[in-house]
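Student: Structure provided below as structure tokens; questions to follow.
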Amino acid sequence: MTTYITTPIYYVNSTPHIGHAYTTIIADTYSRFRRLCGDDVRFQTGTDEHGEKIVQAAEKEGIGPREYADRISAAFRDTWPLLDIAPDHFIRTTNPEHIKVVQDILQKVYDQGDIYFSSYSGHYCKGCERFLTEKELVDGKCPDHLTVPDEVSEQNYFFRMSKYQDWLINHIKDNPDYITPERYRNEVLSFLSEPLEDLCISRPCSRLTWGIPLPFDKNFVTYVWFDALINYLTGIGYPDGADFTKYWSVAEHIVAKDILKPHAIYWPTMIQAAGLPPYKKLHVHGYWNVDETKMSKSIGNVIRPGDLVEEYGADTVRYFLLREMSFGRDASFSKEAIFERRNSDLANDIGNLFSRALTMLAKYADAKVPQMDEASITEEDRALIAAIEKMLAEYTACMNGFEFHRALQSVWEVIGMLNRFIVTNAPWELAKEAANAGRLRTVLYFLAESLRILALVLRPVMPTAAAKMAAALGMEEALAKAVLPEAGRWGGMQSGTALHVGEALFPRLEKKAAAPAAPEKPKPQVKAEKKAEPATQDEDGLISFDYFGKVELRVAEIVAAEKIVKAEKLLKLTVNAPEERTLVAGIAKHYSPEELIGRKVIIVANLKPAKLMGIASQGMVLAAKEKDADGNERLVLSAVAANIAVGSRVA
RNA sequence: GGCGAUGUAGCUCAGUUGGUUAGAGCAUACGGCUCAUAUCCGUAGUGUCCGGGGUUCAAGUCCCUGCAUCGCCA
């Protein structure tokens with residue numbers, strides 16, 4: 001069998017983040033898995049490099065678009081090896097071969113009458129690089145960029161996408177696996193239930209030159225999708241390369257949900273218009289949030305794959321991403337979560353299993369795989385073999401269905417079973433009595449053989465760790481060539497194989513090492529501010545005395561208080577501390593202004609002033625708040641136990 | 001506004017075509033072991049399966065309705 005798997009080509013307007021890494025890790029894992037099943041696999045990724053945004057970004061840096069694209073494209077290409085990702089081909093839309101293929105296809109589709117020239121006018125947003133519909137505008141502005149779009153009227157070329165709408169609907173309905181998971185298939189069908197508009201596929205050279213010229217009109221360049229999507233054909237040598245005939249009919253694309261429409265609607269109709277058979281499958285995944293919030297440059301919480309690898313290693317990052325996300329749904333990344341997975345799943349479960357099993361094989365079997373004593377095989381042993389067979393079946397089914405989290409879950413069930421197997425059989429006890437030697441050899445053989453199968457199934461997910469496991473089992477070469485399902489059959493481990501007890505597969509990480517993966521560098525001014533401040537708290541949540549000393553607490557007397565109109569919670573207080581200050585306090589629900597006059601309270605005197613409801617608050621009153629069983633809040637102001645001069649420091 | 005998805009233990013999620021006392025991992029508490037990376041094993045749990053109604057001998061699962069969150073479309 002053959003497999004052709006692709007990631008989208010990544011737009012070079014930003015450098016690789018965890019989302020790019022996820023898509024590409026999926027593709028790499030799947031390609032390694034299909035190879036493990038004996039397939040001839042082609043795995044392609046690359047970069048998308050044309051368009052106005054690239055020109056602008058390049059201008060900002062004072063370089064040409066080509067140079068800019070070269071730089072960012074290299075950033076992508078150089079990131080993948082760090083994650084043990086090994087594509088067979090890295091395509092760039094600026095490659096001459098690609099440009100030629102795009103032009104060939106455009107010409108073909110044009111010649112058959114599926115591309116026509118028409119005028120178009122509308123609201124063009126530079127930020128979006130597209131026309132916005134009347135309804136998308138909010139107060140006449142682009143809702144994303146908050147700018148008034150330009151009124152542009154121009155003539156352009158359009159692809160007759162509508163012509164293929166019915167064909168596409170039928171194709172999706174006839175092939176339930178064409179778009180998966182199902183939720184995205186539904187989304188596409190729902191979108192297709194309305195008439196499709198034709199697709200604008202050009203930009204006049206007067207406005208954009210960084211693109212592929214239309215072969216039938218040199219005054220225009222190709223716009224986005226007719227350029228980018230075709231990479232999937234170029235990369236395998238369309239139209240007459242041997243790889244093209246071999247791989248095209250089995251093409252599987254992986255995309256994140258934001259580019260569902262181009263891949264599920266534009267692309268199939270384009271392929272159809274070009275007279276080619278449709279791709280086989282589209283796999284759509286969700287987004288990675290960071291600490292429950294959306295990842296974005298402006299928030300500054302972008303996670304960089306390179307930083308993660310440095311901190312945890314490629315295997316842990318790959319395992320975490322595959323295990324934590326239910327394919328198709330959104331998931332949340334956090335340093336706590338990856339730290340937890342690393343220590344419990346990798347260090348404690350499988351790492352420790354390997355370590356204890358190999359140590360026992362070394363101690364009680366002279367570091368060689370022992371000969372089993374067939375007579376001593378028990379019911380439990382047979383149950384273990386059955387469980388491994390079941391795991392292999394589930395693992396294979398889930399990997400094929402892109403349910404990586406479930407595939408791993410089933411592997412970890414076996415890992416748990418093996419840890420229990422060791423305890424119930426207690427080889428260290430067996431070793432004490434010579435009479436148990438046969439049983440001991442059997443138990444140890446079972447362990448070695450089970451580890452072999454684990455090394456086998458984990459190879460696609462964690463290539464480096466799996467290779468280390470294989471090496472420890474003295475089967476590096478054999479496992480590198482192994483093919484499922486044959487290699488998964490029980491008994492593949494030869495007695496007498498020499499074992500090599502090496503270092504720990506996944507050393508436990510200590511709390512200190514769980515420091516956050518360096519987030520996106522904050523903007524310069526923010527950075528300067530951050531630098532000036534010392535670390536505010538340690539991992540244990542405690543602050544130092546020095547740090548506490550910076551907080552200036554003082555006794556202050558309330559001399560005046562009034563309600564702030566329009567704010568139901570706020571009171572404006574005037575206090576002597578001893579200088580007169582204005583404070584805004586959120587205590588209106590619990591105290592009336594009158595009862596406050598004359599009270600002595602504790603305030604934070606060196607809090608940065610802030611404006612609340614238009615009033616500058618120069619400090620903050622300390623108060624305690626509690627909630628009773630009914631959810632009612634009670635708030636009590638701080639006070640000093642005896643009379644003391646206003647302005648006294650509290651420490 | 002239309003369509004769709006999701007809502008299950010403190011957290012992250014499994015729960016096949018409706019069928020015994022609703023599960024797993026993590027976290028928590030207690031106990032055990034010593035081969036092992038302070039690891040592993042065992043025990044203990046807690047649930048208005050989002051609310052309300054309905055179908056059925058039987059509903060986490062099917063139907064209706066409401067709420068919340070999210071996505072797509074307008």
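Chain labels run A, B, ... following the order of the structure tokens; each chain numbers its residues from 1, and ligands are numbered from 1 in the order shown.
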Need to verify the contact set: region 39-44 of chain B, 12 Å, only C-alpha atoms (C1' of nucleotides), exclusion of same-chain residues closer than 2 positions in sequence. Can you return it as a PyMOL selection string?

Tutor: (chain A and resi 343-357+415-426+507-508) or (chain B and resi 28-37+46)

Student: Write out as a count of residues only which residues come within 10 Å of G71 (chain B) when counting only C-alpha atoms (C1' of nucleotides), dropping same-chain ones fewer than 3 positions away.

Tutor: 6

Student: If you run DSSP over the backbone, which residues in region 92-282 of chain A end up helix (DSSP H, G or I)? Put them as a ChimeraX atom specification.

Tutor: /A:96-111,134-136,161-174,182-192,225-228,231-234,242-250,257-273

Student: When you draw a straight line from CA of Leu408 (chain A) to CA of Thr29 (chain A), how long is it in Å?

Tutor: 12.2 Å

Student: Excluding region 490-506 of chain A and residues on its chain fewer than 3 positions from it, collect all residues at most 6 Å away from it, counting only C-alpha atoms (C1' of nucleotides), and give them as a list in words.

Tutor: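 Everything that qualifies: Ala347, Gly351, Ala367, Lys368, Val369, Pro370, Gln371, Glu449, Ala472, Leu473 and Gly474 of chain A.
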
Student: Here is a test: counting only C-alpha atoms, which residue of A:Lys261, A:Lys280, A:Lys390, A:His405 is nearest to Phe327 (chain A)?

Tutor: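 Among A:Lys261, A:Lys280, A:Lys390, A:His405, it is A:His405 that comes nearest to Phe327 (chain A).
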
Student: What does the distance from CA of Thr442 (chain A) to CA of Ala466 (chain A) come to in Å, to one decimal?

Tutor: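 Pair CA of Thr442 (chain A) / CA of Ala466 (chain A) returns 24.2 Å.
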
Student: Please indicate the distance in Å from CA of Tyr279 (chain A) to CA of Lys100 (chain A), rounded to one decimal place.

Tutor: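 Going from CA of Tyr279 (chain A) over to CA of Lys100 (chain A), I get 21.2 Å.
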
Student: Excluding same-chain residues fewer than 6 positions from Arg34 (chain A), what lies within 8 Å of it counting only C-alpha atoms (C1' of nucleotides), as a list of chain:residue names?

Tutor: A:Thr3, A:Asp40, A:Val41

Student: Can you spit out the residues from that selection as a PDB file, in the first residue's frame, using all heavy atoms?

Tutor:
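File written: selection24.pdb
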ATOM      1  N   THR A   3       0.907   5.604   0.929  1.00  0.00           N
ATOM      2  CA  THR A   3       0.302   6.681   1.694  1.00  0.00           C
ATOM      3  C   THR A   3       0.939   7.995   1.278  1.00  0.00           C
ATOM      4  O   THR A   3       2.152   8.070   1.126  1.00  0.00           O
ATOM      5  CB  THR A   3       0.558   6.466   3.210  1.00  0.00           C
ATOM      6  OG1 THR A   3      -0.128   5.290   3.633  1.00  0.00           O
ATOM      7  CG2 THR A   3       0.047   7.644   4.020  1.00  0.00           C
ATOM      8  N   ASP A  40       4.522   2.290   1.529  1.00  0.00           N
ATOM      9  CA  ASP A  40       5.409   3.208   0.833  1.00  0.00           C
ATOM     10  C   ASP A  40       4.812   4.589   1.095  1.00  0.00           C
ATOM     11  O   ASP A  40       3.706   4.893   0.641  1.00  0.00           O
ATOM     12  CB  ASP A  40       5.371   2.854  -0.656  1.00  0.00           C
ATOM     13  CG  ASP A  40       6.154   3.843  -1.504  1.00  0.00           C
ATOM     14  OD1 ASP A  40       6.453   4.954  -1.017  1.00  0.00           O
ATOM     15  OD2 ASP A  40       6.445   3.493  -2.661  1.00  0.00           O
ATOM     16  N   VAL A  41       5.530   5.423   1.848  1.00  0.00           N
ATOM     17  CA  VAL A  41       4.939   6.669   2.328  1.00  0.00           C
ATOM     18  C   VAL A  41       5.644   7.899   1.771  1.00  0.00           C
ATOM     19  O   VAL A  41       6.866   7.933   1.670  1.00  0.00           O
ATOM     20  CB  VAL A  41       4.993   6.735   3.874  1.00  0.00           C
ATOM     21  CG1 VAL A  41       4.439   8.072   4.370  1.00  0.00           C
ATOM     22  CG2 VAL A  41       4.221   5.589   4.496  1.00  0.00           C
TER      23      VAL A  41
END

Student: Please identify all polymer residues within 7 Å of Ile558 (chain A), counting only C-alpha atoms (C1' of nucleotides), omitting same-chain residues fewer than 3 positions from it, and present them as a list in words.

Tutor: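 That gives Leu573, Thr574, Val575, Asn576, Leu596, Ile597, Gly598, Arg599 and Lys600 of chain A.
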
Student: Step one, run DSSP on the backbone; step two, keep only residues of region 156-267 of chain A assigned to strand (DSSP E or B); then write them as an MDAnalysis selection string.

Tutor: chainID A and resid 156:159 179:180 199:200 202:204 213:214 217:222 251:256

Student: Can those selected residues be exported to a file as a CSV table (one decimal), in the first residue's frame so that it contains N, CA and C atoms?

Tutor:
chain,number,residue,atom,x,y,z
A,156,ASN,N,-11.4,41.4,-12.3
A,156,ASN,CA,-10.7,40.2,-11.9
A,156,ASN,C,-11.1,38.9,-12.6
A,157,TYR,N,-10.3,37.9,-12.4
A,157,TYR,CA,-10.7,36.6,-12.9
A,157,TYR,C,-11.3,35.8,-11.8
A,158,PHE,N,-12.3,35.0,-12.3
A,158,PHE,CA,-13.1,34.2,-11.3
A,158,PHE,C,-13.1,32.7,-11.7
A,159,PHE,N,-13.0,31.9,-10.7
A,159,PHE,CA,-13.1,30.4,-11.0
A,159,PHE,C,-14.6,30.0,-10.8
A,179,ILE,N,-14.3,13.8,4.7
A,179,ILE,CA,-13.9,14.9,5.6
A,179,ILE,C,-14.1,14.4,7.0
A,180,THR,N,-13.1,14.3,7.8
A,180,THR,CA,-13.3,13.9,9.2
A,180,THR,C,-12.6,14.8,10.2
A,199,LEU,N,-15.2,31.9,-7.2
A,199,LEU,CA,-14.0,32.3,-6.4
A,199,LEU,C,-13.1,33.3,-7.2
A,200,CYS,N,-12.9,34.4,-6.6
A,200,CYS,CA,-12.0,35.4,-7.2
A,200,CYS,C,-10.5,34.9,-7.1
A,202,SER,N,-7.6,36.3,-8.8
A,202,SER,CA,-6.5,37.1,-9.3
A,202,SER,C,-6.4,38.4,-8.5
A,203,ARG,N,-5.3,39.1,-8.7
A,203,ARG,CA,-5.1,40.4,-8.2
A,203,ARG,C,-4.4,41.2,-9.3
A,204,PRO,N,-4.8,42.4,-9.6
A,204,PRO,CA,-4.1,43.1,-10.7
A,204,PRO,C,-2.7,43.5,-10.2
A,213,PRO,N,2.2,35.1,-12.0
A,213,PRO,CA,1.4,35.8,-13.1
A,213,PRO,C,0.5,34.8,-13.7
A,214,LEU,N,-0.7,35.3,-14.1
A,214,LEU,CA,-1.7,34.4,-14.8
A,214,LEU,C,-1.1,34.2,-16.2
A,217,ASP,N,-3.0,36.3,-18.9
A,217,ASP,CA,-3.1,37.7,-18.7
A,217,ASP,C,-2.0,38.2,-17.8
A,218,LYS,N,-1.0,38.8,-18.4
A,218,LYS,CA,0.2,39.2,-17.6
A,218,LYS,C,0.0,40.4,-16.7
A,219,ASN,N,-1.2,41.0,-16.8
A,219,ASN,CA,-1.5,42.1,-15.9
A,219,ASN,C,-2.0,41.7,-14.6
A,220,PHE,N,-2.1,40.4,-14.4
A,220,PHE,CA,-2.7,39.9,-13.1
A,220,PHE,C,-1.8,38.8,-12.5
A,221,VAL,N,-1.8,38.7,-11.2
A,221,VAL,CA,-1.2,37.5,-10.5
A,221,VAL,C,-2.2,36.7,-9.9
A,222,THR,N,-1.9,35.4,-9.6
A,222,THR,CA,-2.8,34.5,-8.9
A,222,THR,C,-3.0,34.9,-7.5
A,251,ALA,N,-3.9,10.6,-1.6
A,251,ALA,CA,-3.6,11.9,-0.8
A,251,ALA,C,-4.5,12.1,0.4
A,252,GLU,N,-3.9,12.3,1.5
A,252,GLU,CA,-4.6,12.7,2.8
A,252,GLU,C,-4.0,14.0,3.2
A,253,HIS,N,-4.9,15.0,3.4
A,253,HIS,CA,-4.5,16.3,3.9
A,253,HIS,C,-4.8,16.5,5.4
A,254,ILE,N,-3.9,17.1,6.1
A,254,ILE,CA,-4.2,17.5,7.5
A,254,ILE,C,-4.2,19.0,7.5
A,255,VAL,N,-5.3,19.5,8.2
A,255,VAL,CA,-5.4,21.0,8.3
A,255,VAL,C,-6.0,21.3,9.7
A,256,ALA,N,-5.7,22.5,10.1
A,256,ALA,CA,-6.4,23.0,11.3
A,256,ALA,C,-7.7,23.6,10.9

Student: Would you mind listing what lies within 9 Å of region 52-67 of chain B as a tab-separated table (two decimals) with C-alpha atoms (C1' of nucleotides), in the first residue's frame, with only C-alpha atoms (C1' of nucleotides) counted and same-chain residues fewer than 5 positions away left out?

Tutor:
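Result saved to selection20.tsv:
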chain	number	residue	atom	x	y	z
B	8	U	C1'	-20.42	12.96	32.94
B	15	G	C1'	-18.87	5.54	27.87
B	18	G	C1'	-30.93	2.05	25.19
B	19	G	C1'	-29.72	-3.39	29.37
B	22	A	C1'	-21.77	4.97	35.60

Student: Tell me, as an mmCIF file with N, CA and C atoms, in the first residue's frame, which residues lie within 12 Å of Ile172 (chain A), counting only C-alpha atoms (C1' of nucleotides); anything in the same chain fewer than 2 positions away does not count.

Tutor:
data_model
loop_
_atom_site.group_PDB
_atom_site.id
_atom_site.type_symbol
_atom_site.label_atom_id
_atom_site.label_comp_id
_atom_site.auth_asym_id
_atom_site.auth_seq_id
_atom_site.Cartn_x
_atom_site.Cartn_y
_atom_site.Cartn_z
ATOM 1 N N GLN A 165 -20.521 22.506 -7.530
ATOM 2 C CA GLN A 165 -21.150 22.395 -6.211
ATOM 3 C C GLN A 165 -21.918 21.089 -6.022
ATOM 4 N N ASP A 166 -22.769 20.758 -6.965
ATOM 5 C CA ASP A 166 -23.576 19.544 -6.803
ATOM 6 C C ASP A 166 -22.706 18.297 -6.786
ATOM 7 N N TRP A 167 -21.714 18.311 -7.664
ATOM 8 C CA TRP A 167 -20.797 17.173 -7.659
ATOM 9 C C TRP A 167 -20.172 17.010 -6.265
ATOM 10 N N LEU A 168 -19.732 18.147 -5.684
ATOM 11 C CA LEU A 168 -19.043 18.094 -4.393
ATOM 12 C C LEU A 168 -19.968 17.585 -3.286
ATOM 13 N N ILE A 169 -21.199 18.089 -3.270
ATOM 14 C CA ILE A 169 -22.151 17.644 -2.255
ATOM 15 C C ILE A 169 -22.319 16.127 -2.340
ATOM 16 N N ASN A 170 -22.497 15.639 -3.559
ATOM 17 C CA ASN A 170 -22.681 14.194 -3.713
ATOM 18 C C ASN A 170 -21.444 13.418 -3.301
ATOM 19 N N ASP A 174 -21.448 10.644 -0.495
ATOM 20 C CA ASP A 174 -21.136 9.254 -0.851
ATOM 21 C C ASP A 174 -19.903 8.718 -0.140
ATOM 22 N N ASN A 175 -19.073 9.623 0.370
ATOM 23 C CA ASN A 175 -17.825 9.192 1.024
ATOM 24 C C ASN A 175 -17.741 9.748 2.431
ATOM 25 N N PRO A 176 -18.355 9.046 3.369
ATOM 26 C CA PRO A 176 -18.458 9.570 4.736
ATOM 27 C C PRO A 176 -17.095 9.915 5.357
ATOM 28 N N ASP A 177 -16.022 9.288 4.865
ATOM 29 C CA ASP A 177 -14.700 9.561 5.437
ATOM 30 C C ASP A 177 -13.938 10.648 4.701
ATOM 31 N N TYR A 178 -14.578 11.252 3.725
ATOM 32 C CA TYR A 178 -13.860 12.241 2.919
ATOM 33 C C TYR A 178 -13.390 13.404 3.789
ATOM 34 N N ILE A 179 -14.250 13.850 4.681
ATOM 35 C CA ILE A 179 -13.870 14.904 5.626
ATOM 36 C C ILE A 179 -14.135 14.379 7.033
ATOM 37 N N THR A 180 -13.112 14.327 7.844
ATOM 38 C CA THR A 180 -13.292 13.864 9.224
ATOM 39 C C THR A 180 -12.591 14.830 10.170
ATOM 40 N N GLU A 182 -16.472 14.055 11.926
ATOM 41 C CA GLU A 182 -17.796 14.301 11.379
ATOM 42 C C GLU A 182 -18.276 15.743 11.549
ATOM 43 N N TYR A 184 -16.834 18.483 11.226
ATOM 44 C CA TYR A 184 -16.388 19.372 10.152
ATOM 45 C C TYR A 184 -17.058 19.008 8.833
ATOM 46 N N ARG A 185 -17.338 17.733 8.670
ATOM 47 C CA ARG A 185 -18.090 17.288 7.493
ATOM 48 C C ARG A 185 -19.472 17.959 7.512
ATOM 49 N N ASN A 186 -20.113 17.945 8.664
ATOM 50 C CA ASN A 186 -21.419 18.602 8.807
ATOM 51 C C ASN A 186 -21.326 20.082 8.484
ATOM 52 N N GLU A 187 -20.261 20.691 8.969
ATOM 53 C CA GLU A 187 -20.092 22.120 8.763
ATOM 54 C C GLU A 187 -20.002 22.430 7.275
ATOM 55 N N VAL A 188 -19.248 21.603 6.567
ATOM 56 C CA VAL A 188 -19.073 21.819 5.136
ATOM 57 C C VAL A 188 -20.396 21.598 4.404
ATOM 58 N N LEU A 189 -21.097 20.528 4.741
ATOM 59 C CA LEU A 189 -22.370 20.254 4.084
ATOM 60 C C LEU A 189 -23.363 21.375 4.343
ATOM 61 N N SER A 190 -23.317 21.912 5.550
ATOM 62 C CA SER A 190 -24.238 22.990 5.871
ATOM 63 C C SER A 190 -23.894 24.228 5.039
ATOM 64 N N LEU A 192 -22.540 24.146 2.149
ATOM 65 C CA LEU A 192 -22.855 23.847 0.754
ATOM 66 C C LEU A 192 -24.357 23.826 0.484
ATOM 67 N N ALA A 264 -11.843 22.033 1.928
ATOM 68 C CA ALA A 264 -13.006 21.158 1.761
ATOM 69 C C ALA A 264 -13.881 21.607 0.596
ATOM 70 N N ILE A 265 -13.732 22.846 0.157
ATOM 71 C CA ILE A 265 -14.604 23.343 -0.900
ATOM 72 C C ILE A 265 -13.819 23.826 -2.124
ATOM 73 N N PRO A 268 -11.310 20.716 -3.637
ATOM 74 C CA PRO A 268 -11.933 19.626 -4.407
ATOM 75 C C PRO A 268 -12.506 20.104 -5.742
ATOM 76 N N THR A 269 -13.086 21.319 -5.755
ATOM 77 C CA THR A 269 -13.661 21.787 -7.021
ATOM 78 C C THR A 269 -12.545 22.137 -8.009
ATOM 79 N N PRO A 278 -10.415 13.107 -7.043
ATOM 80 C CA PRO A 278 -10.345 13.838 -5.772
ATOM 81 C C PRO A 278 -9.307 13.243 -4.821
ATOM 82 N N TYR A 279 -8.843 14.072 -3.898
ATOM 83 C CA TYR A 279 -7.966 13.531 -2.850
ATOM 84 C C TYR A 279 -8.774 12.557 -2.008
ATOM 85 N N LYS A 280 -8.069 11.746 -1.204
ATOM 86 C CA LYS A 280 -8.760 10.674 -0.488
ATOM 87 C C LYS A 280 -9.432 11.149 0.797
ATOM 88 N N LYS A 281 -8.697 11.925 1.587
ATOM 89 C CA LYS A 281 -9.258 12.316 2.879
ATOM 90 C C LYS A 281 -8.752 13.680 3.330
ATOM 91 N N LEU A 282 -9.588 14.331 4.114
ATOM 92 C CA LEU A 282 -9.183 15.570 4.762
ATOM 93 C C LEU A 282 -9.365 15.382 6.274
#

Student: Rank nothing, just name the residue among A:Ser334, A:Gln409, A:Gln155, A:Thr396 nearest to chain B, using only C-alpha atoms (C1' of nucleotides).

Tutor: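 Among A:Ser334, A:Gln409, A:Gln155, A:Thr396, it is A:Gln409 that comes nearest to chain B.
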
Student: Considering only C-alpha atoms (C1' of nucleotides), state which residue in the set B:G1, B:G10, B:A24, B:C72 is at the smallest distance from chain A.

Tutor: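 Going through B:G1, B:G10, B:A24, B:C72 one by one, the smallest distance to chain A is for B:C72.
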